Amino acid sequence: MSWWQLDSTLKEQAEYASYYRSMPPVACPHDGEPLRLGPPQNPAVLFCPWGDFQYPRDWDPDVHSGM
Ligand SMILES: [Zn+2]
């Protein structure tokens with residue numbers, strides 16, 4: 001592997017990382033339950049029906065994005 005290849009691989013990984021960090025979660029990171037859309041008065045909220053996770057309140061990209 002050349003330095004040029006290594007450089008492009010690192011740039012590609014950084015792109016993937018920022019992409020996944022910008023995506024809202026689809027499932028609760030604690031129990032894997034699909035997140036439900038928030039109430040009509042606050043549709044930007046996603047929440048776990050078990051009450052242990054709410055997006056974006058409990059969302060930490062460093063912990064939950066898998067990066
Ligand atoms: Zn949950």
# chains A, B, ... in the order shown; residues from 1 in each chain; ligands from 1

$ closest_atom_pairs --of "chain A" --to "ligand 1" --cutoff "6 Å" --atoms "only C-alpha atoms and all ligand atoms" --output "CSV"
residue,atom,partner,partner_atom_place_in_ligand_line,distance
A:Cys28,CA,ligand 1,1 (Zn),4.6
A:His30,CA,ligand 1,1 (Zn),5.0
A:Asp31,CA,ligand 1,1 (Zn),4.8
A:Glu33,CA,ligand 1,1 (Zn),5.9
A:Cys48,CA,ligand 1,1 (Zn),4.7
A:Trp50,CA,ligand 1,1 (Zn),5.2
A:Asp52,CA,ligand 1,1 (Zn),4.8
A:Phe53,CA,ligand 1,1 (Zn),5.4

$ select_by_dssp --residues "chain A" --states "strand (DSSP E)" --output "PyMOL selection string"
chain A and resi 36-37+46-47+54-55

$ write_last_selection --atoms "N, CA and C atoms" --output "PDB file, in the first residue's frame"
ATOM      1  N   ARG A  36     -39.850   5.601  18.277  1.00  0.00           N
ATOM      2  CA  ARG A  36     -41.133   6.138  17.813  1.00  0.00           C
ATOM      3  C   ARG A  36     -40.988   7.640  17.588  1.00  0.00           C
ATOM      4  N   LEU A  37     -41.779   8.160  16.640  1.00  0.00           N
ATOM      5  CA  LEU A  37     -41.765   9.592  16.385  1.00  0.00           C
ATOM      6  C   LEU A  37     -42.486  10.309  17.517  1.00  0.00           C
ATOM      7  N   LEU A  46     -37.517  11.816  18.733  1.00  0.00           N
ATOM      8  CA  LEU A  46     -37.672  10.374  18.599  1.00  0.00           C
ATOM      9  C   LEU A  46     -37.497   9.790  19.995  1.00  0.00           C
ATOM     10  N   PHE A  47     -38.336   8.824  20.351  1.00  0.00           N
ATOM     11  CA  PHE A  47     -38.210   8.279  21.691  1.00  0.00           C
ATOM     12  C   PHE A  47     -38.397   6.764  21.717  1.00  0.00           C
ATOM     13  N   GLN A  54     -34.196   9.197  24.462  1.00  0.00           N
ATOM     14  CA  GLN A  54     -34.900  10.187  23.669  1.00  0.00           C
ATOM     15  C   GLN A  54     -33.903  10.926  22.794  1.00  0.00           C
ATOM     16  N   TYR A  55     -34.259  11.111  21.516  1.00  0.00           N
ATOM     17  CA  TYR A  55     -33.403  11.844  20.595  1.00  0.00           C
ATOM     18  C   TYR A  55     -34.011  13.212  20.340  1.00  0.00           C
TER      19      TYR A  55
END

$ atom_distance --atom1 "atom CA of Gly32 of chain A" --atom2 "atom CA of Tyr19 of chain A"
20.9 Å

$ residues_around --residues "segment 59-61 of chain A" --least-positions-apart "4" --cutoff "10 Å" --atoms "only C-alpha atoms" --output "ChimeraX atom specification"
/A:17-18,20-25,29,53-55,65-67

$ atom_distance --atom1 "atom CA of Gln13 of chain A" --atom2 "atom CA of Asp58 of chain A"
25.3 Å

$ atom_distance --atom1 "atom CA of Val45 of chain A" --atom2 "atom CA of Arg57 of chain A"
8.4 Å
